Each structure stands twice: as C-alpha cells, then as structure tokens.
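Trainee: This is the structure, below, for whatever I ask next.
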Amino acid sequence: MAAVSQDGGINEALKAAETQGISLERIREAAGVLQDKVIRTPLVHSPTFSRLSGAQVFLKLENLQKTGSFKLRGASYKLAVRRSEIGPAGVVAASAGNHAQGVALAARRAGLPAVIVMPEWASITKQKATEGYGGQVLLEGHSIGESIEKARQLASEGRSFIHPFDDPDIISGQGTIGLEILEDLPEPDAVVVPIGGGGLISGIAVAVKSLSPRTQVIGVQAEACPSAFAARNAGAALNVEARRSIADGIVVKQVGGLNFPILNRLVDDVRLVNEDEIADALLMLLERKRILAEGAAAVGVAALLQSRLCIPSAARIAVVISGGNVDIPLLDRIIKQGLFRKGRIMRFIICLDDVPGTLSRLLGLIADLKANVLHIHHDRGSGDLPIQLSRVELEIETRGPEHIGEIADKLREKGYFIQSPLRSSSISTAPAGPEMKGTDRGT
C-alpha cells in the first residue's frame with residue numbers, strides 16, 4: 001500500500017504540515033541550530049545486509065548520537081528556540097528512556113532543571129543514565145500515556161512540558177536526520193524508520209518528501225504495539241492494546257495528533273515485525289556489524305531481513321538505527337535466546353553412572369567434536385535420582401544445526417541417552433546404551 005500515491009498530493013500534504021509548524025524550512029533551521037549540539041552521525045554501507053536482502057543497504061547510525069539516540073536532536077532544538085519562554089522551574093518530560101536522556105542533557109546545557117517522568121517498568125540502566133545527565137527521575141504510570149498525564153500535571157506547577165513526539169519543534173529536530181541521509185545518499189529508493197509515537201518518521205518524511213518525492217518512506221513497528229499500523233488502516237489515530245516488547249522505546253499506544261496526518265499522507269507504508277524477528281535483527285547487527293542497537297532501533301533491519309518491505313532488487317535503502325540504549329541484562333538474554341534459536345547453542349541432559357571417569361569421558365568426546373562447553377551443572381544428590389546415577393546438564397556452543405546433529409549422532413553412537421526438550425527438533429532420544437542410562441526429566 002502506498003498512501004502517498006493514493007492521496008495523490010505530496011505538495012498538499014507538505015502544505016498541511018507547514019500550517020502546523022513542520023516544514024523543510026524549519027528542519028533546515030533546526031539543522032543549523034543543532035550543528036554544534038549533536039553529532040552528524042554516519043551513514044554506512046552494509047555489504048552483509050545488502051547481500052542478505054538483495055538491496056543496497058545503508059545504516060544511519062543514530063546509536064552513535066550523544067545520549068545514545070536520536071532524541072537529543074528534537075530536545076535540543078526545542079530548548080534552543082523556546083528558551084526565553086521557559087521559567088525558572090524548568091522543564092518536565094515523560095519517557096521510557098531515550099527522550100528522558102535527551103531532555104535531561106539539553107536542559108543541563110541550557111541551565112534548566114528537568115523532571116523526567118518514567119513508567120514504572122523503565123529499565124534501571126535508563127533511569128541511571130537520565131540521572132547522570134542531570135534529570136530528576138520520577139517513576140509514575142504503567143504506560144507512556146500514563147507517564148505523560150503525570151508530566152502534564154507537573155507542568156501545571158510552572159514547568160514547561162516537552163512532549164516526546166507530538167510537538168512541531170521536536171518533529172523538526174528529528175527531521176534533520178532526513179536531511180543528513182539525503183546529503184550522503186541522494187535520492188535513495190527508500191528510507192526505513194522505526195515508529196513509536198511518530199515524531200521521528202514525521203520529521204524524516206517531511207524532509208525526504210520535500211527534497212526527493214520519489215523516495216519511499218517506510219515505517220516499521222513492533223507487533224506488540226501496532227498503533228501507527230492500526231491508525232492508517234482505520235484512517236484515524238487509535239488507542240491500541242500493547243504488550244511488553246523488547247522494542248520498549250516504540251511501545252506507544254497512540255500516535256500523536258500532529259504525527260498522524262503526516263503518517264497517513266507522506267509515509268508510503270507501515271510494516272510490523274514480531275519479537276523473535278526483532279531479537280534476531282539485534283543479534284545480527286551486533287554479531288555481523290558490531291553495532292549495538294536497542295530493540296526499537298532494530299525493527300527496520302528486522303523487516304528488511306524478513307522481506308517485509310517489498311523493495312525492488314538492488315534498490316538503495318537507508319535504514320535508521322535510532323538508538324543503542326539497550327539494557328545490558330536484556331541484551332544478555334536476547335543474545336542467548338537468539339543463538340539458541342539459530343542452533344548455535346545446544347542444551348541437553350545426560351545421566352551417567354556415578355563412577356570416576358564418566359564425566360571426563362563425556363567432556364572429552366564433546367571436545368573432540370569441536371564444541372565449546374559454556375555451562376555445566378553436575379547433580380549427584382537430587383532425590384529423584386537413583387543412587388548409582390548422576391545428572392549432567394550441559395550448554396555448549398556449536399557451529400549451527402548441522403553441527404548439533406553431528407554431536408547428537410555421535411553421542412547416541414557412543415551409547416548416551418540424551419534429552420533436550422528445549423531443542424527436540426534437533427536432538428531425538430534413543431534407548432540407553434549399556435553404560436549410560438536415561439531419565440524422563442529434562443530442563
């Protein structure tokens with residue numbers, strides 16, 4: 001679906017945005033204001049993603065931005081142009097993390113106090129980072145919407161409210177990314193952008209469609225919170241149900257009032273990706289490109305790798321990697337689960353006769369098969385074990401599914417009865433040999 005061609009009026013849509021204070025002229029003004037306040041992040045070609053997708057893929061690395069995300073652009077521009085309107089009580093904002101850090105740093109630079117309302121589930125890492133940039137963190141609400149409501153209450157006490165996406169200054173600041181992409185890659189076939197509340201894609205769409213109307217602007221959301229996708233289908237901004245997602249930065253139940261008309265008329269398509277696809281993209285970015293991206297920033301790559309974008313072969317595509325503020329404990333889980341799904345990690349249980357040498361023989365066989373032991377738990381005392389047996393739970397690193405099959409075949413050949421309920425499709429059980437006996441229990 002191409003909303004722009006159906007609407008038939010890019011110029012009309014741009015004029016409508018201009019009446020709301022969002023225009024190419026404002027975005028260019030923002031670029032000038034931000035010149036010494038933000039990093040001009042690189043746009044890098046990726047041979048890996050180009051080969052995998054059949055397109056020519058370029059990554060716009062906003063994860064390298066100060067504060068770790070694009071949000072500093074909008075916040076800095078907002079405070080720069082509205083500084084004289086802000087009183088001594090300073091500013092208040094609501095965010096799950098990235099807008100929080102952007103506002104906190106921009107406010108500190110402007111010499112203003114900043115109160116940041118974060119939802120109760122906001123990661124500790126992002127809370128501490130926000131405090132490190134000078135913000136006072138207040139945990140309130142079970143969603144971004146509830147946090148915004150609290151922030152608006154605090155604004156009534158004399159603080160200036162800085163909305164995370166439904167604000168013409170914020171949108172114009174984020175639109176500077178579109179200018180930079182077109183300067184580095186003139187007239188690309190498509191620009192792919194994550195969508196939460198719509199501030200980022202709105203600014204980029206105005207910039208891109210003003211300068212290169214033929215370029216498609218494609219948004220990507222998490223299936224867990226498809227607010228923009230639902231809004232475009234319904235023709236109106238809707239409040240949707242949201243589930244927890246590793247792309248927490250774009251879990252916004254309703255797109256902004258300023259953002260929806262731009263989404264509806266200047267964005268060519270919106271696609272959805274699921275949690276496993278986001279996690280796999282995040283892992284691919286880290287493993288193949290050494291790019292640390294948060295879940296919300298990896299959705300564009302996820303859509304690309306899953307062939308969701310309907311892009312012609314050899315098309316020139318810019319994918320915005322919007323931030324890198326991933327919670328480290330979450331990153332560890334994503335890496336582990338991603339490697340497991342790809343067959344790079346094998347987990348299984350074997351019961352051994354509890355006599356000297358049986359464990360060392362098992363580990364020696366695994367070493368001979370060129371697998372690397374990551375974790376081992378040797379249980380000799382559980383009440384459900386026969387007195388003559390011990391249970392060994394192993395997690396090993398492999399080269400992939402074929403290697404797992406090779407390991408499983410060799411273990412069975414040597415008489416081991418292996419159990420792996422977590423990877424039953426790769427490892428089948430066999431009757432216990434004369435030395436090794438199996439149980440019915442697994443991990």
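Just so we're on the same page: first chain in the structure tokens is A, next is B, and so on; residues restart at 1 for each chain, and ligands are numbered from 1 in the order they show up.
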Using only C-alpha atoms, which residues sit within 10 Å of Met118 of chain A once same-chain residues fewer than 5 positions away are excluded, as a PyMOL selection string?
Mentor: chain A and resi 93-97+100+123+126-127+130+137-144+146-148+150-151
Trainee: Restrict the selected residues to N, CA and C atoms and save them as a short mmCIF file (atom, residue, chain, number, x, y, z; two decimals), in the first residue's frame.
Mentor:
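Listed below is the output, out.cif:
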```cif
data_model
loop_
_atom_site.label_atom_id
_atom_site.label_comp_id
_atom_site.auth_asym_id
_atom_site.auth_seq_id
_atom_site.Cartn_x
_atom_site.Cartn_y
_atom_site.Cartn_z
N ALA A 93 9.29 16.20 31.34
CA ALA A 93 9.07 15.34 30.18
C ALA A 93 8.67 13.95 30.66
N ALA A 94 8.14 13.16 29.75
CA ALA A 94 7.78 11.77 30.05
C ALA A 94 8.41 10.88 29.01
N SER A 95 9.02 9.77 29.45
CA SER A 95 9.75 8.91 28.52
C SER A 95 10.11 7.60 29.18
N ALA A 96 10.26 6.55 28.36
CA ALA A 96 10.78 5.29 28.85
C ALA A 96 12.31 5.28 28.89
N GLY A 97 12.93 6.31 28.34
CA GLY A 97 14.38 6.34 28.44
C GLY A 97 15.11 7.28 27.51
N ALA A 100 13.95 10.89 27.68
CA ALA A 100 14.35 11.31 29.02
C ALA A 100 15.80 11.79 29.03
N SER A 123 13.74 0.68 32.44
CA SER A 123 14.93 -0.05 32.88
C SER A 123 15.77 0.80 33.83
N LYS A 126 18.42 2.92 32.10
CA LYS A 126 17.99 4.19 31.53
C LYS A 126 17.65 5.20 32.62
N GLN A 127 17.14 4.74 33.75
CA GLN A 127 16.90 5.65 34.86
C GLN A 127 18.22 6.28 35.32
N THR A 130 19.63 8.77 32.81
CA THR A 130 18.89 10.05 32.85
C THR A 130 19.36 10.89 34.03
N VAL A 137 14.45 11.92 38.17
CA VAL A 137 13.58 10.87 37.68
C VAL A 137 12.44 10.63 38.66
N LEU A 138 11.22 10.56 38.12
CA LEU A 138 10.03 10.23 38.89
C LEU A 138 9.35 9.06 38.20
N LEU A 139 9.21 7.93 38.91
CA LEU A 139 8.55 6.76 38.35
C LEU A 139 7.06 6.85 38.59
N GLU A 140 6.30 6.88 37.49
CA GLU A 140 4.85 7.03 37.60
C GLU A 140 4.19 6.49 36.34
N GLY A 141 3.23 5.56 36.51
CA GLY A 141 2.45 5.08 35.38
C GLY A 141 2.89 3.72 34.88
N HIS A 142 1.90 2.99 34.32
CA HIS A 142 2.17 1.68 33.74
C HIS A 142 2.35 1.75 32.23
N SER A 143 2.23 2.92 31.65
CA SER A 143 2.42 3.11 30.22
C SER A 143 2.97 4.51 29.98
N ILE A 144 3.46 4.74 28.76
CA ILE A 144 3.93 6.08 28.41
C ILE A 144 2.80 7.09 28.52
N GLU A 146 0.26 7.13 30.59
CA GLU A 146 0.05 7.49 31.99
C GLU A 146 1.18 8.38 32.50
N SER A 147 2.39 8.12 32.04
CA SER A 147 3.53 8.97 32.42
C SER A 147 3.36 10.38 31.86
N ILE A 148 2.86 10.48 30.63
CA ILE A 148 2.62 11.79 30.03
C ILE A 148 1.56 12.56 30.82
N LYS A 150 0.94 12.35 34.00
CA LYS A 150 1.60 12.85 35.21
C LYS A 150 2.48 14.04 34.89
N ALA A 151 3.20 13.97 33.78
CA ALA A 151 4.07 15.08 33.40
C ALA A 151 3.26 16.35 33.14
#
```
Trainee: Counting only C-alpha atoms, which residues in segment 303-405 of chain A sit no more than 10 Å from segment 42-48 of chain A? For each one, give the nearest pair of atoms and the distance in Å, sorted by chain then residue number, as a tab-separated table.
Mentor:
```
residue	atom	partner	partner_atom	distance
A:Arg316	CA	A:His45	CA	9.9
A:Ile317	CA	A:His45	CA	9.6
A:Ala318	CA	A:Leu43	CA	7.9
A:Val319	CA	A:Leu43	CA	9.0
A:Val320	CA	A:Leu43	CA	8.9
A:Ile321	CA	A:Leu43	CA	9.9
```
Trainee: Would you kindly return, as a PyMOL selection string, each protein, DNA or RNA residue with an atom no farther than 8 Å from any atom of Ala222 of chain A, considering only C-alpha atoms and excluding same-chain residues fewer than 6 positions away?
Mentor: chain A and resi 245+247+250-251+272-275+296+299
Trainee: Residues as selected, C-alpha atoms, written as a CSV table (one decimal), in the first residue's frame, can you do that?
Mentor:
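Result file result12.csv:
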```
chain,number,residue,atom,x,y,z
A,245,SER,CA,8.2,-5.8,23.9
A,247,ALA,CA,11.3,-2.7,21.5
A,250,ILE,CA,8.4,2.4,20.5
A,251,VAL,CA,5.6,0.9,22.7
A,272,LEU,CA,5.1,-5.0,11.5
A,273,VAL,CA,7.7,-7.3,13.0
A,274,ASN,CA,7.4,-9.8,15.9
A,275,GLU,CA,9.6,-10.2,19.0
A,296,ALA,CA,13.3,-0.3,18.9
A,299,VAL,CA,12.9,-3.1,13.7
```
Trainee: From the set A:Gly295, A:Gly87, A:Pro164, A:Pro194, which residue has the shortest atom-to-atom contact distance to Leu331 of chain A, counting only C-alpha atoms?
Mentor: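 When distances to Leu331 of chain A are compared using only C-alpha atoms, the smallest one comes from A:Gly295.
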Trainee: Return the single residue from A:Ser50, A:Asn63, A:Asn264, A:Asn259 that is closest to Ala293 of chain A, with distances computed using only C-alpha atoms.
Mentor: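 Of the candidates, the smallest distance to Ala293 of chain A is held by A:Asn63.
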Trainee: For the interface of segment 2-78 of chain A with segment 171-190 of chain A (cut-off 8 Å, counting only C-alpha atoms), please tabulate each contacting residue of segment 2-78 of chain A alongside its nearest pair of atoms and their separation in Å to one decimal, rows sorted by chain and increasing number, as CSV.
Mentor:
```
residue,atom,partner,partner_atom,distance
A:Ile22,CA,A:Ser172,CA,6.1
A:Ser23,CA,A:Ser172,CA,7.4
A:Arg26,CA,A:Ser172,CA,6.2
A:Ile27,CA,A:Ser172,CA,4.8
A:Arg28,CA,A:Thr176,CA,7.1
A:Ala30,CA,A:Gly173,CA,5.6
A:Ala31,CA,A:Thr176,CA,5.6
A:Arg40,CA,A:Glu180,CA,7.6
A:Leu43,CA,A:Ile181,CA,6.9
A:Lys60,CA,A:Ile181,CA,7.3
A:Phe70,CA,A:Gln174,CA,6.9
A:Lys71,CA,A:Gln174,CA,7.2
A:Arg73,CA,A:Gly173,CA,5.1
A:Gly74,CA,A:Gly173,CA,4.0
A:Ala75,CA,A:Gly173,CA,7.5
A:Ser76,CA,A:Gly173,CA,7.8
A:Tyr77,CA,A:Gly173,CA,5.7
A:Lys78,CA,A:Gly173,CA,7.6
```
Trainee: Could you write those residues out with C-alpha atoms, as an mmCIF file, in the first residue's frame?
Mentor:
```cif
data_model
loop_
_atom_site.group_PDB
_atom_site.id
_atom_site.type_symbol
_atom_site.label_atom_id
_atom_site.label_comp_id
_atom_site.auth_asym_id
_atom_site.auth_seq_id
_atom_site.Cartn_x
_atom_site.Cartn_y
_atom_site.Cartn_z
ATOM 1 C CA ILE A 22 6.551 21.471 10.366
ATOM 2 C CA SER A 23 8.318 22.259 7.102
ATOM 3 C CA ARG A 26 12.029 24.659 9.850
ATOM 4 C CA ILE A 27 14.003 21.430 9.573
ATOM 5 C CA ARG A 28 16.850 23.272 7.840
ATOM 6 C CA ALA A 30 16.948 23.095 13.138
ATOM 7 C CA ALA A 31 19.990 21.645 11.360
ATOM 8 C CA ARG A 40 26.312 14.274 12.499
ATOM 9 C CA LEU A 43 25.504 6.590 7.031
ATOM 10 C CA LYS A 60 22.063 5.610 9.612
ATOM 11 C CA PHE A 70 18.200 10.492 18.022
ATOM 12 C CA LYS A 71 16.074 12.049 20.774
ATOM 13 C CA ARG A 73 18.055 16.357 18.308
ATOM 14 C CA GLY A 74 14.436 17.273 18.999
ATOM 15 C CA ALA A 75 15.005 18.112 22.661
ATOM 16 C CA SER A 76 17.978 20.352 21.920
ATOM 17 C CA TYR A 77 16.164 22.226 19.165
ATOM 18 C CA LYS A 78 13.082 22.669 21.341
#
```
Trainee: Let's see if you can do this: from backbone DSSP, list all alpha helix (DSSP H) residues in segment 27-141 of chain A, as a ChimeraX atom specification.
Mentor: /A:27-33,47-53,71-82,98-109,124-132
Trainee: May I have the residues within 8 Å of Gln65 of chain A as a list of chain:residue names, using only C-alpha atoms and disregarding those fewer than 5 positions away in the same chain?
Mentor: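 Those residues are A:Val38, A:Ile39, A:Arg40, A:Thr41, A:Phe70, A:Leu72, A:Gly323.
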Trainee: Taking only C-alpha atoms into account, which of A:Asp353, A:Leu359, A:Arg108, A:Arg412 comes nearest Ser390 of chain A?
Mentor: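 Closest to Ser390 of chain A of all the choices is A:Asp353.
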